[in-house]
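Structure file data-v4.cif with mmCIF, C-alpha atoms:
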data_input
loop_
_atom_site.label_atom_id
_atom_site.label_comp_id
_atom_site.auth_asym_id
_atom_site.auth_seq_id
_atom_site.Cartn_x
_atom_site.Cartn_y
_atom_site.Cartn_z
CA MET Q 10 40.86 -37.05 -5.40
CA ALA Q 11 41.60 -40.79 -5.24
CA LYS Q 12 43.29 -42.77 -7.99
CA ILE Q 13 40.90 -45.54 -9.06
CA GLY Q 14 41.56 -48.55 -11.27
CA ILE Q 15 39.21 -51.20 -12.61
CA MET Q 16 39.59 -54.97 -12.83
CA GLY Q 17 37.28 -57.05 -14.99
CA LYS Q 18 36.86 -59.80 -17.53
CA LYS Q 19 39.16 -59.51 -20.53
CA GLY Q 20 37.18 -58.33 -23.54
CA SER Q 21 34.32 -56.93 -21.44
CA LYS Q 22 32.55 -54.20 -23.41
CA ALA Q 23 31.28 -52.65 -20.17
CA CYS Q 24 34.80 -52.39 -18.71
CA LYS Q 25 36.09 -50.91 -21.96
CA GLU Q 26 33.37 -48.25 -21.89
CA ILE Q 27 34.08 -47.39 -18.25
CA VAL Q 28 37.78 -47.06 -19.07
CA ASN Q 29 37.21 -44.91 -22.15
CA ARG Q 30 34.28 -42.77 -21.04
CA ALA Q 31 34.51 -42.58 -17.23
CA GLY Q 32 38.29 -42.28 -17.26
CA ILE Q 33 38.97 -45.15 -14.86
CA PRO Q 34 41.97 -47.11 -16.20
CA ARG Q 35 42.41 -50.87 -16.10
CA TYR Q 36 44.79 -51.93 -13.36
CA GLN Q 37 48.03 -53.20 -14.91
CA GLY Q 38 50.14 -53.98 -11.86
CA LYS Q 39 52.18 -52.44 -9.06
CA LYS Q 40 53.88 -49.87 -11.32
CA GLN Q 41 50.49 -48.18 -11.56
CA ALA Q 42 49.73 -46.04 -8.49
CA VAL Q 43 46.16 -46.84 -7.39
CA ASP Q 44 44.32 -46.07 -4.13
CA VAL Q 45 41.16 -48.13 -4.80
CA LEU Q 46 40.15 -50.83 -7.28
CA VAL Q 47 36.68 -51.53 -8.69
CA ASN Q 48 36.01 -55.22 -9.28
CA TYR Q 49 33.64 -55.47 -12.23
CA GLY Q 50 32.38 -59.01 -11.77
CA LEU Q 51 35.52 -61.11 -11.31
CA ALA Q 52 34.85 -64.11 -9.07
CA GLY Q 53 36.02 -67.64 -8.43
CA GLU Q 54 38.70 -68.93 -10.82
CA ARG Q 55 38.69 -65.73 -12.87
CA LEU Q 56 39.48 -63.68 -9.76
CA MET Q 57 42.24 -66.10 -8.74
CA ARG Q 58 43.78 -65.92 -12.23
CA TYR Q 59 43.68 -62.13 -12.05
CA TYR Q 60 45.47 -62.14 -8.70
CA SER Q 61 48.06 -64.56 -10.12
CA GLN Q 62 48.73 -62.11 -12.94
CA PHE Q 63 48.62 -59.01 -10.72
CA PRO Q 64 49.44 -60.15 -7.14
CA SER Q 65 49.76 -56.53 -5.97
CA ALA Q 66 45.99 -56.13 -6.50
CA ARG Q 67 45.32 -58.33 -3.45
CA ASN Q 68 46.50 -55.59 -1.10
CA ILE Q 69 44.58 -52.71 -2.66
CA PRO Q 70 41.19 -51.74 -1.13
CA THR Q 71 38.62 -53.07 -3.61
CA ILE Q 72 34.97 -52.20 -4.22
CA ASN Q 73 32.91 -55.39 -4.74
CA LYS Q 74 35.95 -57.51 -3.91
CA ASN Q 75 33.81 -60.46 -2.81
CA ALA Q 76 30.96 -60.11 -5.29
CA GLY Q 77 30.99 -63.70 -6.56
CA HIS Q 78 28.11 -65.08 -4.51
CA SER Q 79 26.25 -68.18 -5.65
CA LYS Q 80 22.82 -67.23 -7.00
CA LEU Q 81 21.17 -69.75 -4.68
CA LYS Q 82 23.05 -68.30 -1.69
CA VAL Q 83 21.81 -64.83 -2.65
CA ILE Q 84 18.22 -66.07 -2.98
CA ASN Q 85 18.44 -67.71 0.45
CA LYS Q 86 19.91 -64.53 1.93
CA ALA Q 87 17.03 -62.48 0.55
CA LYS Q 88 14.53 -65.01 1.92
CA SER Q 89 16.14 -64.77 5.37
CA LEU Q 90 15.54 -61.00 5.25
CA GLY Q 91 11.83 -61.50 4.59
CA ILE Q 92 12.08 -60.55 0.91
CA LEU Q 93 9.74 -62.41 -1.48
CA VAL Q 94 11.64 -64.85 -3.72
CA PRO Q 95 10.61 -67.75 -5.98
CA GLU Q 96 10.87 -71.10 -4.18
CA SER Q 97 14.36 -72.46 -4.85
CA LYS Q 98 16.09 -75.70 -3.88
CA LEU Q 99 18.85 -78.13 -4.80
CA ALA Q 100 16.59 -81.07 -5.67
CA LEU Q 101 12.92 -81.63 -6.44
CA SER Q 102 10.70 -83.94 -4.44
CA LYS Q 103 8.67 -86.81 -5.90
CA SER Q 104 5.53 -84.68 -5.69
CA ASP Q 105 7.04 -81.71 -7.58
CA ASN Q 106 5.86 -81.26 -11.15
CA LYS Q 107 8.91 -80.68 -13.36
CA SER Q 108 6.88 -78.45 -15.71
CA GLU Q 109 6.56 -75.89 -12.89
CA TRP Q 110 10.30 -75.60 -12.28
CA ILE Q 111 13.36 -74.33 -14.10
CA GLU Q 112 17.02 -75.23 -13.79
CA LYS Q 113 19.52 -72.40 -13.17
CA ARG Q 114 23.27 -72.27 -12.75
CA PHE Q 115 24.83 -71.11 -9.49
CA SER Q 116 26.88 -68.65 -11.53
CA SER Q 117 26.11 -67.41 -15.04
CA GLN Q 118 25.43 -64.32 -17.11
CA GLY Q 119 22.98 -63.50 -19.87
CA GLY Q 120 20.49 -66.22 -18.95
CA LYS Q 121 22.89 -69.02 -19.91
CA GLY Q 122 21.91 -72.43 -18.62
CA ILE Q 123 18.28 -71.57 -17.77
CA CYS Q 124 15.88 -74.26 -18.99
CA LEU Q 125 12.75 -76.12 -17.94
CA ALA Q 126 13.54 -78.78 -15.37
CA LYS Q 127 14.61 -82.04 -16.98
CA ASN Q 128 15.54 -83.77 -13.74
CA LYS Q 129 14.59 -83.95 -10.08
CA ILE Q 130 17.91 -84.98 -8.60
CA ALA Q 131 20.59 -82.59 -7.38
CA LEU Q 132 22.71 -81.37 -10.31
CA LYS Q 133 26.33 -80.24 -10.29
CA GLY Q 134 26.52 -76.44 -10.45
CA LYS Q 135 22.74 -75.99 -10.70
CA TYR Q 136 19.63 -75.50 -8.61
CA TYR Q 137 15.88 -75.53 -9.21
CA GLN Q 138 13.58 -72.52 -9.05
CA LYS Q 139 9.80 -72.29 -9.27
CA PHE Q 140 8.89 -70.73 -12.60
CA ILE Q 141 6.79 -67.55 -12.30
CA LYS Q 142 4.48 -68.23 -15.24
CA ASP Q 143 2.15 -65.28 -14.78
CA ARG Q 144 4.84 -62.57 -14.94
CA LEU Q 145 3.82 -59.21 -16.30
CA TYR Q 146 7.35 -57.93 -16.72
CA GLU Q 147 10.79 -57.99 -15.16
CA LEU Q 148 12.56 -55.09 -13.47
CA ARG Q 149 16.21 -54.19 -13.28
CA VAL Q 150 17.40 -51.65 -10.72
CA HIS Q 151 20.84 -50.14 -11.24
CA ALA Q 152 21.98 -49.54 -7.66
CA PHE Q 153 25.07 -47.77 -6.34
CA ARG Q 154 25.71 -47.13 -2.66
CA TRP Q 155 27.41 -43.78 -3.37
CA ILE Q 156 24.27 -42.52 -5.14
CA ASP Q 157 21.04 -41.47 -3.42
CA ILE Q 158 18.46 -44.25 -3.60
CA LYS Q 159 15.91 -41.90 -5.17
CA ASP Q 160 18.28 -41.54 -8.13
CA TYR Q 161 18.62 -45.29 -8.80
CA LYS Q 162 17.61 -46.02 -12.39
CA VAL Q 163 14.87 -48.57 -13.04
CA GLN Q 164 14.23 -50.44 -16.28
CA LYS Q 165 11.46 -52.81 -17.34
CA ARG Q 166 12.41 -55.91 -19.28
CA LEU Q 167 9.84 -57.37 -21.65
CA GLY Q 168 9.88 -60.51 -23.74
CA SER Q 169 7.92 -63.31 -25.35
CA LYS Q 170 5.68 -65.35 -23.08
CA ASP Q 171 7.04 -68.42 -24.90
CA GLU Q 172 10.54 -67.79 -23.56
CA ILE Q 173 11.63 -68.88 -20.09
CA ALA Q 174 14.30 -66.19 -19.80
CA TRP Q 175 13.97 -62.67 -21.22
CA ASN Q 176 17.66 -61.94 -21.61
CA PHE Q 177 18.89 -60.18 -24.74
CA SER Q 178 19.88 -63.47 -26.39
CA GLN Q 179 16.28 -64.70 -25.98
CA GLY Q 180 14.83 -61.57 -27.57
CA GLY Q 181 14.16 -59.64 -24.35
CA HIS Q 182 14.52 -55.88 -24.32
CA PHE Q 183 14.65 -53.07 -21.77
CA VAL Q 184 12.59 -49.91 -21.58
CA THR Q 185 13.43 -47.11 -19.15
CA VAL Q 186 10.96 -46.31 -16.38
CA ASN Q 187 10.57 -42.54 -16.09
CA ASN Q 188 7.93 -42.40 -13.34
CA HIS Q 189 9.34 -44.06 -10.20
CA GLY Q 190 6.38 -43.10 -8.04
CA TYR Q 191 4.57 -46.43 -8.23
CA GLU Q 192 4.96 -48.60 -5.14
CA VAL Q 193 6.48 -51.53 -7.02
CA PHE Q 194 9.34 -49.34 -8.27
CA THR Q 195 10.08 -47.73 -4.91
CA ASP Q 196 9.94 -51.17 -3.26
CA ALA Q 197 12.38 -52.56 -5.84
CA LYS Q 198 14.83 -49.74 -5.15
CA GLU Q 199 14.62 -50.23 -1.39
CA ILE Q 200 15.15 -54.00 -1.70
CA SER Q 201 18.10 -53.39 -4.02
CA ARG Q 202 19.79 -51.23 -1.40
CA ARG Q 203 19.09 -53.82 1.31
CA MET Q 204 20.61 -56.59 -0.80
CA LEU Q 205 23.75 -54.60 -1.57
CA ASP Q 206 24.22 -54.00 2.14
CA ALA Q 207 23.51 -57.63 3.02
CA LEU Q 208 26.00 -58.94 0.46
CA GLY Q 209 28.72 -56.40 1.20
CA MET Q 210 28.48 -54.98 -2.32
CA ALA Q 211 28.65 -51.34 -3.40
CA PHE Q 212 26.96 -51.64 -6.78
CA GLY Q 213 25.01 -54.08 -8.91
CA ALA Q 214 22.12 -54.57 -11.32
CA VAL Q 215 19.30 -56.09 -9.26
CA ASP Q 216 16.67 -58.18 -11.07
CA PHE Q 217 13.03 -58.78 -10.15
CA ILE Q 218 9.91 -60.38 -11.61
CA VAL Q 219 6.50 -58.73 -11.25
CA ASP Q 220 3.50 -61.05 -11.66
CA LYS Q 221 -0.13 -60.32 -12.56
CA GLU Q 222 -0.98 -59.79 -8.89
CA ARG Q 223 1.75 -57.09 -8.78
CA ARG Q 224 3.84 -59.22 -6.46
CA LEU Q 225 7.53 -58.34 -6.60
CA TYR Q 226 9.93 -61.30 -6.59
CA PHE Q 227 13.64 -60.72 -6.04
CA ILE Q 228 15.73 -62.83 -8.45
CA GLU Q 229 19.43 -61.91 -8.34
CA VAL Q 230 22.18 -59.27 -8.21
CA ASN Q 231 24.47 -58.94 -11.22
CA SER Q 232 27.99 -57.79 -10.35
CA ALA Q 233 29.06 -57.34 -14.00
CA PRO Q 234 25.98 -56.08 -15.87
CA GLY Q 235 26.36 -55.87 -19.61
CA PHE Q 236 25.60 -52.59 -21.36
CA SER Q 237 22.33 -52.58 -23.28
CA GLY Q 238 22.57 -49.19 -24.93
CA LEU Q 239 20.06 -47.79 -22.45
CA SER Q 240 22.29 -48.64 -19.48
CA ASP Q 241 25.66 -47.37 -20.77
CA ALA Q 242 25.18 -43.81 -19.55
CA ILE Q 243 23.95 -45.01 -16.15
CA TYR Q 244 27.27 -46.70 -15.39
CA ILE Q 245 29.46 -44.08 -17.05
CA ASN Q 246 27.79 -41.36 -14.95
CA ALA Q 247 27.86 -43.46 -11.75
CA PHE Q 248 31.55 -44.30 -12.00
CA GLY Q 249 32.33 -40.75 -13.03
CA ALA Q 250 30.62 -39.60 -9.82
CA LEU Q 251 32.62 -42.16 -7.81
CA LYS Q 252 35.88 -40.93 -9.33
CA ASP Q 253 35.09 -37.38 -8.23
CA LEU Q 254 34.64 -38.33 -4.55
CA PRO Q 255 37.46 -37.79 -2.05
CA LYS Q 256 39.43 -40.87 -1.08
CA ASN Q 257 38.03 -41.09 2.46
CA LYS Q 258 34.45 -41.29 1.11
CA ILE Q 259 35.30 -43.88 -1.55
CA LEU Q 260 36.89 -46.12 1.08
CA LYS Q 261 33.52 -46.32 2.85
CA TYR Q 262 32.27 -48.46 -0.03
CA VAL Q 263 35.11 -51.02 0.14
#

Serialized structure, structure tokens:
Amino acid sequence: MAKIGIMGKKGSKACKEIVNRAGIPRYQGKKQAVDVLVNYGLAGERLMRYYSQFPSARNIPTINKNAGHSKLKVINKAKSLGILVPESKLALSKSDNKSEWIEKRFSSQGGKGICLAKNKIALKGKYYQKFIKDRLYELRVHAFRWIDIKDYKVQKRLGSKDEIAWNFSQGGHFVTVNNHGYEVFTDAKEISRRMLDALGMAFGAVDFIVDKERRLYFIEVNSAPGFSGLSDAIYINAFGALKDLPKNKILKYV
């Protein structure tokens, strides 16, 4: 059995739960013998600060080591694979109606920074995305490459039609989908697996929007999903299963 450690944002409730309930300790430096690390969402400056504090972590095989992809880059990657995405771009044209577009940050969590378009010019750290006004609901697929795709967990997210984003802070809430037989759910799981493979990731919470025509729009992959109460057990069980794998199998997901 491999020795696994976790690296993540200081104060992260999700990391704390994984440490306490899945039995995967936080990595504290070279005195701690570790075969594989799990990166729970560290990217950019946060990842560099972590490596400055624990330089030995750089040389340890790491799951989701390079998970900090720009959301626009991920959207464009999905589009290049023929996956349906909302139209997204760095700047609006003169003919674009601002009321049909939203502004989003390249990197954010919890829906922070999402608002109706106030500009048309290119903005630092942001991009524009066509707003799917006729959405029925959103989907989140909890995907792990070491788990069979048929066992991926799917949740619906619902919210007020008056809100642009349905994140928890905007009053959105998840409900668990128990019947995965509908085409939209199986398609979402298959796309989630494709996106993990395309981005070189081993796990993530993959978000979609479903509109009134039952069209499935890929939105993003979250590399550090927060725990909603309904999702806690999903991640505790998934990382518990990872911990029980032999080292040679775990290294396949690095």

Discussion item. Using only C-alpha atoms, which protein or nucleic acid residues come within 7 Å of Q:Met16? Drop anything in the same chain fewer than 2 positions from it, and give the result as a PyMOL selection string.
Written reply: chain Q and resi 14+35-36+46-49

Discussion item. Ranking Q:Arg114, Q:Lys18, Q:His78, Q:Arg203 by minimum distance to Q:Ala152 and counting all atoms listed in the file, which one comes first?
Written reply: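 Under the stated criterion, the closest residue is Q:Arg203.
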
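For the set Q:Ala76, Q:Ile228, Q:Ala52, Q:Gln62, the residue with the smallest atom-to-atom gap to Q:Lys113 is Q:Ile228, counting all atoms listed in the file.
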
Item to complete: Could you expand the PyMOL selection byres ((chain Q and resi 256) around 8) into the explicit residues it covers here, written as JSON, numbers by chain?
Response: {"Q": [10, 11, 44, 254, 255, 257, 258, 259, 260]}

Worksheet item: Which value, in Å to one decimal, gives the distance between atom CA of Q:Glu222 and atom CA of Q:Ile84?
Response: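 Atom CA of Q:Ile84 lies at a distance of 21.0 Å from atom CA of Q:Glu222.
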
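Matched in the shown structure by the PyMOL selection byres ((chain Q and resi 107) around 12): Ala100, Leu101, Ser102, Lys103, Ser104, Asp105, Asn106, Ser108, Glu109, Trp110, Ile111, Glu112, Cys124, Leu125, Ala126, Lys127, Asn128, Lys129, Ile130, Tyr137, Gln138, Lys139 and Phe140 of chain Q.
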
Emit the selected residues as a PDB file, in the frame of the given file, including C-alpha atoms.
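Everything below was put into selection21.pdb:
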ATOM      1  CA  ALA Q 100      16.590 -81.070  -5.670  1.00  0.00           C
ATOM      2  CA  LEU Q 101      12.920 -81.630  -6.440  1.00  0.00           C
ATOM      3  CA  SER Q 102      10.700 -83.940  -4.440  1.00  0.00           C
ATOM      4  CA  LYS Q 103       8.670 -86.810  -5.900  1.00  0.00           C
ATOM      5  CA  SER Q 104       5.530 -84.680  -5.690  1.00  0.00           C
ATOM      6  CA  ASP Q 105       7.040 -81.710  -7.580  1.00  0.00           C
ATOM      7  CA  ASN Q 106       5.860 -81.260 -11.150  1.00  0.00           C
ATOM      8  CA  SER Q 108       6.880 -78.450 -15.710  1.00  0.00           C
ATOM      9  CA  GLU Q 109       6.560 -75.890 -12.890  1.00  0.00           C
ATOM     10  CA  TRP Q 110      10.300 -75.600 -12.280  1.00  0.00           C
ATOM     11  CA  ILE Q 111      13.360 -74.330 -14.100  1.00  0.00           C
ATOM     12  CA  GLU Q 112      17.020 -75.230 -13.790  1.00  0.00           C
ATOM     13  CA  CYS Q 124      15.880 -74.260 -18.990  1.00  0.00           C
ATOM     14  CA  LEU Q 125      12.750 -76.120 -17.940  1.00  0.00           C
ATOM     15  CA  ALA Q 126      13.540 -78.780 -15.370  1.00  0.00           C
ATOM     16  CA  LYS Q 127      14.610 -82.040 -16.980  1.00  0.00           C
ATOM     17  CA  ASN Q 128      15.540 -83.770 -13.740  1.00  0.00           C
ATOM     18  CA  LYS Q 129      14.590 -83.950 -10.080  1.00  0.00           C
ATOM     19  CA  ILE Q 130      17.910 -84.980  -8.600  1.00  0.00           C
ATOM     20  CA  TYR Q 137      15.880 -75.530  -9.210  1.00  0.00           C
ATOM     21  CA  GLN Q 138      13.580 -72.520  -9.050  1.00  0.00           C
ATOM     22  CA  LYS Q 139       9.800 -72.290  -9.270  1.00  0.00           C
ATOM     23  CA  PHE Q 140       8.890 -70.730 -12.600  1.00  0.00           C
TER      24      PHE Q 140
END

Worksheet item: Leaving out stretch 240-251 of chain Q and any residue of its chain fewer than 2 positions from it, which residues lie within 7 Å of it when counting all atoms listed in the file, given as a list in words?
Response: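 Those residues are Ile27, Arg30, Ala31, Phe236, Ser237, Gly238, Asp253 and Leu254 of chain Q.
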
Practice prompt. Carefully work through the PyMOL selection byres ((chain Q and resi 116) around 12) for this structure and note down the residues it includes, as a ChimeraX atom specification.
Written response: /Q:50-54,76-83,113-115,117-123,133-136,229-233

Item to complete: Determine, counting only C-alpha atoms, which protein, DNA and RNA residues have an atom within 8 Å of an atom of Q:Val186; residues of the same chain fewer than 4 positions away are not included. Present the result as a VMD selection string.
Response: chain Q and resid 162 to 165
